[in-house]
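A.B. asks: Input file: query_27.csv. Contents: CSV, C-alpha atoms and all ligand atoms.
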chain,number,residue,atom,x,y,z
A,26,MET,CA,13.5,-41.9,-76.2
A,27,THR,CA,16.7,-41.8,-74.2
A,28,ALA,CA,16.6,-38.0,-74.0
A,29,SER,CA,13.0,-38.0,-72.7
A,30,ARG,CA,13.8,-40.8,-70.2
A,31,LYS,CA,16.7,-38.7,-68.9
A,32,LEU,CA,14.4,-35.7,-68.5
A,33,ALA,CA,11.9,-37.7,-66.6
A,34,VAL,CA,14.3,-39.0,-64.0
A,35,PHE,CA,14.6,-36.6,-61.1
A,36,ARG,CA,16.4,-37.6,-57.9
A,37,LEU,CA,15.9,-35.5,-54.8
A,38,PRO,CA,19.1,-34.9,-52.8
A,39,PRO,CA,19.3,-36.7,-49.5
A,40,LEU,CA,16.5,-35.4,-47.3
A,41,PRO,CA,15.2,-36.2,-43.8
A,42,THR,CA,12.5,-38.9,-44.0
A,43,ILE,CA,8.9,-37.9,-43.7
A,44,GLY,CA,9.0,-39.3,-40.1
A,45,GLU,CA,12.0,-37.0,-39.4
A,46,ILE,CA,10.3,-34.0,-40.9
A,47,ILE,CA,7.2,-34.7,-38.7
A,48,ARG,CA,9.5,-34.8,-35.6
A,49,LEU,CA,11.7,-31.9,-36.7
A,50,TYR,CA,8.8,-29.5,-37.2
A,51,ASN,CA,6.6,-31.0,-34.4
A,52,LEU,CA,3.8,-31.8,-36.9
A,53,ARG,CA,1.4,-33.6,-34.7
A,54,ALA,CA,-1.5,-34.9,-36.8
A,55,GLU,CA,-4.7,-33.3,-35.5
A,56,LYS,CA,-7.3,-35.9,-35.1
A,57,GLN,CA,-10.2,-33.4,-35.1
A,58,LEU,CA,-8.9,-32.1,-38.6
A,59,SER,CA,-8.7,-35.8,-39.8
A,60,GLN,CA,-5.0,-35.3,-40.5
A,61,ASN,CA,-3.3,-38.6,-41.3
A,62,PHE,CA,0.0,-38.8,-43.0
A,63,LEU,CA,1.3,-41.3,-45.5
A,64,LEU,CA,4.8,-42.3,-44.4
A,65,ASP,CA,5.6,-45.2,-46.8
A,66,MET,CA,7.2,-44.0,-50.0
A,67,ARG,CA,6.3,-47.2,-51.9
A,68,LEU,CA,2.6,-46.4,-51.2
A,69,THR,CA,2.9,-42.7,-52.2
A,70,ASP,CA,4.8,-43.8,-55.4
A,71,LYS,CA,1.9,-46.2,-56.1
A,72,ILE,CA,-0.7,-43.5,-55.6
A,73,VAL,CA,1.2,-41.1,-57.9
A,74,ARG,CA,1.5,-43.8,-60.6
A,75,GLN,CA,-2.3,-44.0,-60.8
A,76,ALA,CA,-2.2,-40.4,-62.3
A,77,GLY,CA,-0.4,-41.8,-65.4
A,78,GLY,CA,3.0,-40.6,-66.7
A,79,LEU,CA,4.0,-37.3,-64.9
A,80,SER,CA,7.2,-36.8,-66.9
A,81,ASN,CA,7.5,-33.0,-67.4
A,82,ALA,CA,3.8,-32.6,-66.2
A,83,HIS,CA,2.3,-29.7,-64.4
A,84,VAL,CA,0.7,-30.9,-61.1
A,85,CYS,CA,-1.3,-29.4,-58.4
A,86,GLU,CA,-1.1,-31.3,-55.1
A,87,VAL,CA,-3.9,-30.6,-52.7
A,88,GLY,CA,-3.2,-30.9,-49.0
A,89,PRO,CA,0.5,-32.0,-49.2
A,90,GLY,CA,1.0,-32.0,-45.4
A,91,PRO,CA,4.5,-33.3,-44.5
A,92,GLY,CA,5.1,-34.0,-48.2
A,93,GLY,CA,5.1,-37.8,-48.8
A,94,ILE,CA,3.1,-37.6,-52.0
A,95,THR,CA,4.9,-34.4,-52.9
A,96,ARG,CA,8.2,-36.3,-53.0
A,97,SER,CA,6.7,-39.0,-55.2
A,98,ILE,CA,5.4,-36.5,-57.7
A,99,LEU,CA,8.8,-34.9,-58.0
A,100,SER,CA,10.5,-38.3,-58.4
A,101,ALA,CA,8.0,-39.1,-61.1
A,102,GLY,CA,9.5,-36.3,-63.1
A,103,ALA,CA,6.9,-33.4,-62.8
A,104,ALA,CA,8.3,-30.2,-64.2
A,105,ASP,CA,6.1,-27.9,-62.1
A,106,LEU,CA,4.4,-28.7,-58.8
A,107,LEU,CA,2.0,-26.3,-57.2
A,108,VAL,CA,1.1,-27.4,-53.6
A,109,VAL,CA,-1.9,-25.9,-51.8
A,110,GLU,CA,-1.8,-26.4,-48.1
A,111,LYS,CA,-4.2,-24.8,-45.5
A,112,ASP,CA,-2.2,-25.6,-42.3
A,113,THR,CA,0.7,-23.1,-41.7
A,114,ARG,CA,2.6,-25.7,-39.7
A,115,PHE,CA,3.5,-27.6,-42.9
A,116,ILE,CA,4.9,-24.7,-44.8
A,117,PRO,CA,8.5,-24.8,-43.5
A,118,GLY,CA,8.8,-28.6,-44.3
A,119,LEU,CA,7.5,-27.9,-47.8
A,120,GLN,CA,10.0,-25.0,-48.2
A,121,LEU,CA,12.8,-27.5,-47.4
A,122,LEU,CA,11.5,-29.7,-50.2
A,123,ALA,CA,11.2,-26.7,-52.6
A,124,GLU,CA,14.9,-25.9,-52.0
A,125,ALA,CA,15.8,-29.5,-52.8
A,126,ALA,CA,14.0,-29.2,-56.1
A,127,PRO,CA,15.0,-25.8,-57.4
A,128,GLY,CA,12.4,-24.1,-59.7
A,129,LYS,CA,10.0,-26.9,-59.5
A,130,VAL,CA,7.8,-26.3,-56.4
A,131,ARG,CA,5.4,-23.4,-55.8
A,132,ILE,CA,3.8,-23.2,-52.4
A,133,VAL,CA,0.4,-21.7,-51.8
A,134,HIS,CA,-0.7,-21.3,-48.2
A,135,GLY,CA,-4.5,-21.4,-48.7
A,136,ASP,CA,-7.7,-23.3,-48.8
A,137,ILE,CA,-8.3,-25.5,-51.9
A,138,LEU,CA,-12.0,-24.9,-51.6
A,139,THR,CA,-11.5,-21.3,-52.5
A,140,TYR,CA,-8.2,-21.4,-54.4
A,141,LYS,CA,-8.6,-20.2,-58.0
A,142,MET,CA,-6.9,-22.9,-60.0
A,143,GLU,CA,-7.7,-21.2,-63.3
A,144,ARG,CA,-4.8,-18.9,-62.5
A,145,GLY,CA,-2.4,-21.6,-61.2
A,146,PHE,CA,-0.9,-22.7,-64.5
A,147,PRO,CA,0.2,-21.0,-67.8
A,148,GLN,CA,-2.7,-20.6,-70.3
A,149,LYS,CA,-0.4,-22.1,-73.0
A,150,LEU,CA,-1.0,-25.5,-71.4
A,151,ALA,CA,-4.7,-25.3,-72.4
A,152,ARG,CA,-6.1,-27.9,-74.8
A,153,LYS,CA,-9.4,-28.0,-76.6
A,154,TRP,CA,-12.1,-30.0,-74.6
A,155,ASP,CA,-12.3,-32.8,-77.2
A,156,ASP,CA,-8.5,-33.1,-77.5
A,157,GLU,CA,-6.5,-35.4,-75.3
A,158,PRO,CA,-6.3,-34.3,-71.6
A,159,PRO,CA,-3.8,-31.5,-71.0
A,160,ASP,CA,-0.5,-32.2,-69.1
A,161,VAL,CA,-2.1,-30.8,-66.0
A,162,HIS,CA,-2.9,-33.1,-63.1
A,163,ILE,CA,-4.5,-32.8,-59.7
A,164,ILE,CA,-3.4,-35.3,-57.0
A,165,GLY,CA,-4.3,-35.4,-53.3
A,166,ASN,CA,-4.9,-37.2,-50.1
A,167,LEU,CA,-7.3,-34.9,-48.3
A,168,PRO,CA,-9.5,-35.4,-45.3
A,169,PHE,CA,-12.7,-37.1,-46.6
A,170,SER,CA,-14.7,-34.2,-45.2
A,171,VAL,CA,-12.9,-31.9,-47.7
A,172,SER,CA,-12.7,-34.3,-50.7
A,173,THR,CA,-16.4,-34.7,-51.0
A,174,PRO,CA,-17.4,-31.0,-51.2
A,175,LEU,CA,-14.3,-30.5,-53.4
A,176,ILE,CA,-15.4,-33.1,-55.9
A,177,ILE,CA,-18.9,-31.6,-56.1
A,178,LYS,CA,-17.4,-28.2,-56.7
A,179,TRP,CA,-15.1,-29.6,-59.4
A,180,LEU,CA,-18.0,-31.5,-61.1
A,181,GLU,CA,-19.7,-28.2,-61.5
A,182,ASN,CA,-16.4,-26.7,-62.9
A,183,ILE,CA,-16.3,-29.6,-65.4
A,184,SER,CA,-19.8,-28.9,-66.4
A,185,ASN,CA,-18.9,-25.2,-66.9
A,186,ARG,CA,-15.4,-25.9,-68.2
A,187,ASP,CA,-13.9,-23.4,-65.7
A,188,GLY,CA,-11.7,-23.6,-62.6
A,189,PRO,CA,-9.1,-26.4,-63.0
A,190,PHE,CA,-10.8,-27.3,-66.3
A,191,VAL,CA,-10.0,-24.1,-68.2
A,192,TYR,CA,-6.9,-26.1,-69.3
A,193,GLY,CA,-9.2,-28.9,-70.8
A,194,ARG,CA,-10.0,-32.2,-69.3
A,195,THR,CA,-7.6,-32.0,-66.3
A,196,ARG,CA,-7.2,-35.4,-64.7
A,197,LEU,CA,-7.8,-36.0,-60.9
A,198,THR,CA,-6.3,-38.6,-58.6
A,199,LEU,CA,-7.8,-38.4,-55.2
A,200,THR,CA,-8.4,-40.5,-52.1
A,201,PHE,CA,-11.8,-41.3,-50.6
A,202,GLN,CA,-13.1,-43.7,-48.0
A,203,LYS,CA,-12.7,-47.2,-49.4
A,204,GLU,CA,-16.4,-48.1,-49.2
A,205,VAL,CA,-17.4,-44.9,-51.1
A,206,ALA,CA,-14.8,-45.5,-53.8
A,207,GLU,CA,-15.7,-49.2,-54.2
A,208,GLU,CA,-19.5,-48.8,-54.1
A,209,SER,CA,-19.2,-45.9,-56.5
A,210,ALA,CA,-17.1,-48.0,-58.9
A,211,ALA,CA,-20.1,-50.5,-58.8
A,212,LEU,CA,-22.1,-47.9,-60.6
A,213,SER,CA,-20.8,-49.3,-63.9
A,214,ALA,CA,-22.3,-52.6,-62.8
A,215,PRO,CA,-25.8,-53.7,-63.6
A,216,VAL,CA,-28.6,-51.3,-62.6
A,217,ARG,CA,-29.7,-53.0,-59.4
A,218,SER,CA,-26.3,-52.7,-57.6
A,219,ALA,CA,-27.1,-51.4,-54.2
A,220,GLY,CA,-25.4,-48.7,-52.1
A,221,ARG,CA,-24.6,-46.2,-54.8
A,222,ARG,CA,-23.9,-42.7,-53.6
A,223,ARG,CA,-25.5,-39.7,-55.1
A,224,THR,CA,-22.3,-37.7,-55.3
A,225,PHE,CA,-20.6,-40.4,-57.3
A,226,LEU,CA,-23.6,-40.9,-59.5
A,227,ALA,CA,-22.9,-37.3,-60.6
A,228,CYS,CA,-19.2,-38.3,-61.1
A,229,TRP,CA,-20.2,-41.0,-63.5
A,230,VAL,CA,-22.3,-38.5,-65.5
A,231,PHE,CA,-19.4,-36.2,-66.0
A,232,CYS,CA,-16.2,-38.3,-65.7
A,233,ASN,CA,-14.6,-41.6,-66.6
A,234,PHE,CA,-14.2,-42.9,-63.1
A,235,LYS,CA,-11.7,-45.6,-62.0
A,236,HIS,CA,-11.3,-47.1,-58.5
A,237,CYS,CA,-7.5,-47.9,-58.7
A,238,PHE,CA,-6.8,-49.7,-55.4
A,239,SER,CA,-7.5,-49.5,-51.7
A,240,PHE,CA,-5.2,-49.7,-48.7
A,241,PRO,CA,-5.7,-50.2,-45.0
A,242,PRO,CA,-4.9,-47.3,-42.7
A,243,ILE,CA,-2.6,-49.3,-40.6
A,244,ILE,CA,0.2,-49.4,-43.2
A,245,ALA,CA,0.0,-45.7,-43.9
A,246,PHE,CA,-0.9,-43.5,-41.1
A,247,LEU,CA,0.7,-41.9,-38.1
A,248,LEU,CA,-2.6,-41.8,-36.3
A,249,GLN,CA,-4.7,-44.9,-36.1
A,250,SER,CA,-7.6,-44.3,-38.4
A,251,GLU,CA,-10.6,-46.6,-38.6
A,252,VAL,CA,-11.3,-46.4,-42.3
A,253,ASP,CA,-9.6,-48.0,-45.3
A,254,VAL,CA,-8.7,-45.6,-48.1
A,255,GLY,CA,-9.6,-45.9,-51.8
A,256,VAL,CA,-7.6,-44.2,-54.6
A,257,VAL,CA,-9.8,-42.9,-57.4
A,258,HIS,CA,-8.8,-41.6,-60.8
A,259,PHE,CA,-11.1,-39.3,-62.8
A,260,THR,CA,-10.9,-38.1,-66.4
A,261,PRO,CA,-13.7,-35.7,-67.5
A,262,LEU,CA,-15.7,-37.1,-70.3
A,263,VAL,CA,-15.7,-35.2,-73.7
A,264,GLN,CA,-19.5,-35.7,-73.8
A,265,PRO,CA,-21.2,-35.9,-70.4
A,266,GLN,CA,-23.7,-38.8,-70.1
A,267,ILE,CA,-26.4,-36.2,-69.4
A,268,GLY,CA,-26.5,-33.1,-71.5
A,269,GLN,CA,-27.9,-30.8,-68.8
A,270,PRO,CA,-25.9,-28.4,-66.5
A,271,PHE,CA,-24.5,-29.9,-63.4
A,272,LYS,CA,-26.7,-27.8,-61.1
A,273,LEU,CA,-29.9,-29.2,-62.7
A,274,VAL,CA,-28.6,-32.9,-62.7
A,275,GLU,CA,-27.4,-32.5,-59.1
A,276,LYS,CA,-30.8,-31.1,-58.0
A,277,VAL,CA,-32.7,-34.0,-59.6
A,278,VAL,CA,-30.3,-36.7,-58.2
A,279,ARG,CA,-30.4,-35.0,-54.7
A,280,ASN,CA,-34.2,-34.9,-54.6
A,281,VAL,CA,-34.6,-38.5,-55.9
A,282,PHE,CA,-32.1,-39.8,-53.3
A,283,GLN,CA,-33.8,-37.9,-50.5
A,284,PHE,CA,-36.1,-40.9,-49.7
A,285,ARG,CA,-33.7,-43.7,-50.7
A,286,ARG,CA,-35.9,-46.5,-49.4
A,287,LYS,CA,-39.2,-45.2,-51.0
A,288,HIS,CA,-40.4,-45.2,-54.5
A,289,CYS,CA,-38.5,-42.6,-56.7
A,290,ARG,CA,-41.9,-40.7,-57.2
A,291,ARG,CA,-41.6,-39.5,-53.6
A,292,GLY,CA,-38.4,-37.6,-54.1
A,293,ILE,CA,-39.4,-36.4,-57.5
A,294,GLU,CA,-42.5,-34.8,-56.1
A,295,MET,CA,-40.3,-32.6,-53.9
A,296,LEU,CA,-39.0,-30.8,-57.0
A,297,PHE,CA,-42.4,-29.1,-57.4
A,298,PRO,CA,-44.4,-26.5,-55.3
A,299,GLU,CA,-47.1,-28.2,-53.2
A,300,ALA,CA,-49.9,-26.7,-55.3
A,301,ARG,CA,-48.8,-28.5,-58.5
A,302,ARG,CA,-46.8,-31.3,-57.0
A,303,LEU,CA,-48.9,-34.3,-58.2
A,304,GLU,CA,-49.6,-32.9,-61.6
A,305,LEU,CA,-46.0,-31.9,-62.5
A,306,SER,CA,-44.3,-35.0,-61.0
A,307,GLU,CA,-46.6,-37.2,-63.0
A,308,GLN,CA,-45.9,-35.2,-66.1
A,309,MET,CA,-42.1,-35.5,-65.5
A,310,LEU,CA,-42.2,-39.3,-64.9
A,311,ARG,CA,-44.4,-39.8,-67.9
A,312,THR,CA,-42.2,-37.7,-70.2
A,313,ALA,CA,-39.1,-39.5,-68.8
A,314,ASP,CA,-40.8,-42.9,-69.2
A,315,VAL,CA,-39.6,-43.9,-65.7
A,316,ASP,CA,-41.6,-46.4,-63.6
A,317,PRO,CA,-42.6,-44.3,-60.5
A,318,THR,CA,-42.3,-47.4,-58.2
A,319,LEU,CA,-38.6,-47.9,-58.8
A,320,ARG,CA,-36.4,-47.2,-55.8
A,321,PRO,CA,-33.7,-44.6,-56.2
A,322,THR,CA,-30.9,-47.3,-56.1
A,323,GLU,CA,-32.6,-49.0,-59.0
A,324,LEU,CA,-32.4,-46.1,-61.3
A,325,SER,CA,-29.7,-46.2,-64.0
A,326,ILE,CA,-27.9,-43.3,-65.6
A,327,PRO,CA,-30.2,-43.4,-68.7
A,328,HIS,CA,-33.2,-43.1,-66.2
A,329,PHE,CA,-31.5,-40.0,-64.7
A,330,ARG,CA,-30.8,-38.7,-68.2
A,331,ASN,CA,-34.5,-38.9,-69.1
A,332,LEU,CA,-35.5,-37.4,-65.7
A,333,SER,CA,-33.1,-34.5,-66.1
A,334,ASP,CA,-34.2,-33.8,-69.7
A,335,ALA,CA,-37.9,-33.9,-68.6
A,336,TYR,CA,-37.2,-31.6,-65.6
A,337,SER,CA,-35.3,-29.2,-67.8
A,338,LYS,CA,-38.3,-29.0,-70.2
A,339,LEU,CA,-40.6,-28.3,-67.3
A,340,CYS,CA,-38.3,-25.6,-66.0
A,341,SER,CA,-38.3,-23.8,-69.4
A,342,ASP,CA,-42.2,-24.0,-69.4
A,343,ASN,CA,-42.5,-22.9,-65.8
A,344,PRO,CA,-40.2,-19.9,-65.0
A,345,GLY,CA,-39.0,-19.9,-61.4
A,346,LEU,CA,-39.2,-23.7,-61.1
A,347,LEU,CA,-35.5,-24.3,-61.3
A,348,ALA,CA,-34.9,-22.0,-58.2
A,349,TYR,CA,-37.7,-23.7,-56.3
A,350,ASP,CA,-36.7,-25.4,-53.0
A,351,PHE,CA,-39.3,-27.3,-51.0
A,352,ARG,CA,-37.4,-26.4,-47.8
A,353,ASP,CA,-38.2,-22.7,-48.4
A,354,GLU,CA,-41.9,-23.5,-48.9
A,355,LEU,CA,-41.9,-25.6,-45.7
A,356,ARG,CA,-40.1,-22.8,-43.7
A,357,LYS,CA,-42.7,-20.2,-45.0
A,358,LYS,CA,-45.6,-22.5,-44.0
A,359,ARG,CA,-44.2,-23.0,-40.5
A,360,ARG,CA,-43.6,-19.3,-40.1
A,361,SER,CA,-47.2,-18.4,-41.1
A,362,ARG,CA,-48.5,-21.2,-38.9
A,363,CYS,CA,-46.6,-19.7,-35.9
A,364,ILE,CA,-47.9,-16.2,-36.7
A,365,LYS,CA,-51.5,-17.5,-36.9
A,366,GLU,CA,-51.1,-19.3,-33.6
A,367,GLU,CA,-49.7,-16.2,-31.9
A,368,GLU,CA,-52.6,-14.1,-33.3
A,369,GLU,CA,-55.1,-16.6,-31.9
A,370,GLU,CA,-53.5,-16.6,-28.5
A,371,LEU,CA,-53.6,-12.8,-28.4
A,372,LYS,CA,-57.3,-12.9,-29.4
A,373,LEU,CA,-58.0,-15.3,-26.6
A,374,LYS,CA,-56.1,-13.1,-24.1
A,375,ALA,CA,-57.9,-9.9,-25.2
B,1,LIG,C1,-5.1,-36.5,-44.5
B,1,LIG,S1,-3.8,-35.2,-44.5
B,1,LIG,C2,-2.8,-35.9,-45.7
B,1,LIG,C3,-1.4,-35.2,-45.8
B,1,LIG,C4,-0.6,-35.7,-47.0
B,1,LIG,N1,-1.2,-35.5,-48.3
B,1,LIG,C5,-0.3,-37.2,-46.8
B,1,LIG,O1,-0.9,-38.0,-47.6
B,1,LIG,O2,0.5,-37.5,-46.0
B,1,LIG,C6,-4.6,-33.9,-45.3
B,1,LIG,C7,-3.9,-32.6,-45.5
B,1,LIG,O3,-4.7,-31.7,-46.2
B,1,LIG,C8,-4.6,-30.4,-45.6
B,1,LIG,N2,-5.9,-29.8,-45.8
B,1,LIG,C9,-7.1,-30.0,-45.2
B,1,LIG,N3,-8.1,-29.2,-45.7
B,1,LIG,C10,-7.5,-28.4,-46.6
B,1,LIG,C11,-8.0,-27.4,-47.5
B,1,LIG,N4,-9.3,-27.1,-47.5
B,1,LIG,N5,-7.1,-26.8,-48.4
B,1,LIG,C12,-5.8,-27.2,-48.4
B,1,LIG,N6,-5.3,-28.2,-47.6
B,1,LIG,C13,-6.1,-28.8,-46.7
B,1,LIG,C14,-4.3,-30.7,-44.2
B,1,LIG,O4,-3.8,-29.6,-43.5
B,1,LIG,C15,-3.4,-31.9,-44.3
B,1,LIG,O5,-2.1,-31.5,-44.5
Turn this file's structure into structure tokens for me.
Ligand SMILES: C[S@@+](CC[C@H](N)C(=O)[O-])C[C@H]1O[C@@H](n2cnc3c(N)ncnc32)[C@H](O)[C@@H]1O
C.D. replies:
Amino acid sequence: MTASRKLAVFRLPPLPTIGEIIRLYNLRAEKQLSQNFLLDMRLTDKIVRQAGGLSNAHVCEVGPGPGGITRSILSAGAADLLVVEKDTRFIPGLQLLAEAAPGKVRIVHGDILTYKMERGFPQKLARKWDDEPPDVHIIGNLPFSVSTPLIIKWLENISNRDGPFVYGRTRLTLTFQKEVAEESAALSAPVRSAGRRRTFLACWVFCNFKHCFSFPPIIAFLLQSEVDVGVVHFTPLVQPQIGQPFKLVEKVVRNVFQFRRKHCRRGIEMLFPEARRLELSEQMLRTADVDPTLRPTELSIPHFRNLSDAYSKLCSDNPGLLAYDFRDELRKKRRSRCIKEEEEELKLKA
């Protein structure tokens, strides 16, 4: 016990504060890039604690910026910290931190949306999917415009067990806009809770999802930001709540939520080519045993499970259906209408 406690404690040598780093390297937060920095170490420590014990853990921090969360991860005892930062201006400050924690910090100057995390950590860390999660964590306070596409990408990775999930059920601790985090946490509440977001519905399907706490921007940021921030912790589920691939589930959820104030039948119809729209959407709703007059926000995960299973069955019976996108059909229709109008105009002129 004492030995492992000793291992976990890591004290960084005296370093300039994050505020001094920002001044030293002239790291102006770019408002158009939604760059806001966490300066309060008590807050960064609290965010990092939400990941669970990091003693001797392998961690990837996404978007470290001037390094507030980075310092908290090191102080929490991480053995190996991989930071992925897109903006060159932050690299020298991160190098200073790497020198202060020899052998612990690896810096990647790159974009997390394209970074191949399956190569980021040694394969020996990998655990079986149904084992306990591996000692690999992802932590980050990213711009909200990046964290949403990123979580969609990672949900697909969870479904395929690739990317950061080649190591097993890698845990994620990320920040989102407070309203999104709180409303999404309400997904576990009774079915009729309003305001659910489709991205997070998919999160519930594939992850255990916990809204840890929120904080106002005023206590944290260098730039005045208008929105509160919510810290969310995800652990991939051993058994997703819907046994279909992410792409199919996401397509069903996306189409249903397209007309969020209308009956769910309206969005479901758009999954099918115009010529067979009514027939196939009725068949799907009947097989799924879902009331077509429910609104998208009234549908529960079991409803989506039945809808996804029914849609998957229709896709196997109708080759090409999974690739169907009503927008392509609309575009083709518009194009042929334009061509027809042009031909008629030419006829009139002749
Ligand atoms: C909101 S700031 C937060 C900085 C730091 N994590 C903190 O809490 O103080 C977001 C950081 O993510 C970086 N970033 C933005 N998009 C990124 C991407 N696609 N890949 C890697 N880093 C990114 C920005 O350059 C910036 O350093």
A.B. asks: If the limit is 9 Å from any atom of ligand LIG 1 (chain B), counting all atoms listed in the file, which residues qualify? Return them as a CSV table (one decimal) with C-alpha atoms, in the coordinates of the input.
C.D. replies:
chain,number,residue,atom,x,y,z
A,43,ILE,CA,8.9,-37.9,-43.7
A,54,ALA,CA,-1.5,-34.9,-36.8
A,55,GLU,CA,-4.7,-33.3,-35.5
A,58,LEU,CA,-8.9,-32.1,-38.6
A,59,SER,CA,-8.7,-35.8,-39.8
A,60,GLN,CA,-5.0,-35.3,-40.5
A,61,ASN,CA,-3.3,-38.6,-41.3
A,62,PHE,CA,0.0,-38.8,-43.0
A,63,LEU,CA,1.3,-41.3,-45.5
A,64,LEU,CA,4.8,-42.3,-44.4
A,69,THR,CA,2.9,-42.7,-52.2
A,86,GLU,CA,-1.1,-31.3,-55.1
A,87,VAL,CA,-3.9,-30.6,-52.7
A,88,GLY,CA,-3.2,-30.9,-49.0
A,89,PRO,CA,0.5,-32.0,-49.2
A,90,GLY,CA,1.0,-32.0,-45.4
A,91,PRO,CA,4.5,-33.3,-44.5
A,92,GLY,CA,5.1,-34.0,-48.2
A,93,GLY,CA,5.1,-37.8,-48.8
A,94,ILE,CA,3.1,-37.6,-52.0
A,95,THR,CA,4.9,-34.4,-52.9
A,108,VAL,CA,1.1,-27.4,-53.6
A,109,VAL,CA,-1.9,-25.9,-51.8
A,110,GLU,CA,-1.8,-26.4,-48.1
A,111,LYS,CA,-4.2,-24.8,-45.5
A,112,ASP,CA,-2.2,-25.6,-42.3
A,113,THR,CA,0.7,-23.1,-41.7
A,114,ARG,CA,2.6,-25.7,-39.7
A,115,PHE,CA,3.5,-27.6,-42.9
A,133,VAL,CA,0.4,-21.7,-51.8
A,134,HIS,CA,-0.7,-21.3,-48.2
A,135,GLY,CA,-4.5,-21.4,-48.7
A,136,ASP,CA,-7.7,-23.3,-48.8
A,137,ILE,CA,-8.3,-25.5,-51.9
A,138,LEU,CA,-12.0,-24.9,-51.6
A,139,THR,CA,-11.5,-21.3,-52.5
A,140,TYR,CA,-8.2,-21.4,-54.4
A,164,ILE,CA,-3.4,-35.3,-57.0
A,165,GLY,CA,-4.3,-35.4,-53.3
A,166,ASN,CA,-4.9,-37.2,-50.1
A,167,LEU,CA,-7.3,-34.9,-48.3
A,168,PRO,CA,-9.5,-35.4,-45.3
A,169,PHE,CA,-12.7,-37.1,-46.6
A,170,SER,CA,-14.7,-34.2,-45.2
A,171,VAL,CA,-12.9,-31.9,-47.7
A,172,SER,CA,-12.7,-34.3,-50.7
A,175,LEU,CA,-14.3,-30.5,-53.4
A,245,ALA,CA,0.0,-45.7,-43.9
A,246,PHE,CA,-0.9,-43.5,-41.1
A.B. asks: How far is it from CA of Ile163 (chain A) to CA of His236 (chain A), in Å with one decimal?
C.D. replies: 15.9 Å
A.B. asks: Measuring atom to atom with all atoms listed in the file, identify which of A:Arg301, A:Glu207, A:Tyr349, A:Pro117 is nearest to Leu52 (chain A).
C.D. replies: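 Of the candidates, the smallest distance to Leu52 (chain A) is held by A:Pro117.
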A.B. asks: Would you mind telling me which residue in A:Pro127, A:Pro147, A:Pro261, A:Gly118 lies nearest to His83 (chain A) when using all atoms listed in the file?
C.D. replies: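 Smallest separation from His83 (chain A) among the options: A:Pro147.
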A.B. asks: Would you pick out the contacts of region 99-103 of chain A at 9 Å or less, using all atoms listed in the file, so that residues sharing its chain but fewer than 2 positions from it are not included, and give the list as a list in words?
C.D. replies: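 My list of contacting residues is Leu32, Ala33, Val34, Phe35, Arg36, Leu37, Asp70, Val73, Arg74, Gly78, Leu79, Ser80, Asn81, Ala82, His83, Val84, Ile94, Thr95, Arg96, Ser97, Asp105, Leu106, Ala126, Lys129 and Val130 of chain A.
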A.B. asks: Please tabulate, as a Markdown table, the residues of region 219-319 of chain A that come within 12 Å of region 186-195 of chain A, each with its closest pair of atoms and the distance in Å to one decimal, counting only C-alpha atoms and ordering rows by chain, then residue number upward.
C.D. replies:
| residue | atom | partner | partner_atom | distance |
| --- | --- | --- | --- | --- |
| A:Phe231 | CA | A:Arg194 | CA | 10.7 |
| A:Cys232 | CA | A:Arg194 | CA | 9.4 |
| A:Asn233 | CA | A:Arg194 | CA | 10.8 |
| A:His258 | CA | A:Thr195 | CA | 11.1 |
| A:Phe259 | CA | A:Thr195 | CA | 8.8 |
| A:Thr260 | CA | A:Arg194 | CA | 6.6 |
| A:Pro261 | CA | A:Arg194 | CA | 5.4 |
| A:Leu262 | CA | A:Arg194 | CA | 7.6 |
| A:Val263 | CA | A:Arg194 | CA | 7.8 |
| A:Gln264 | CA | A:Arg194 | CA | 11.1 |
| A:Pro265 | CA | A:Arg186 | CA | 11.8 |
| A:Pro270 | CA | A:Arg186 | CA | 10.9 |
| A:Phe271 | CA | A:Arg186 | CA | 11.0 |
A.B. asks: I'd like to know which of A:Asp316, A:Glu251, A:Glu181, A:Glu204 is closest to Cys228 (chain A), using only C-alpha atoms.
C.D. replies: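 For Cys228 (chain A), the nearest of the given residues is A:Glu181.
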A.B. asks: From the set A:Leu226, A:Ala375, A:Met295, A:Leu273, which residue has the shortest atom-to-atom contact distance to Lys338 (chain A), counting only C-alpha atoms?
C.D. replies: A:Leu273
A.B. asks: Closest to Gly77 (chain A) among A:Arg290, A:His328, A:His162, A:Lys141, using all atoms listed in the file?
C.D. replies: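 Answer, going by the shortest atom-to-atom distance: A:His162.
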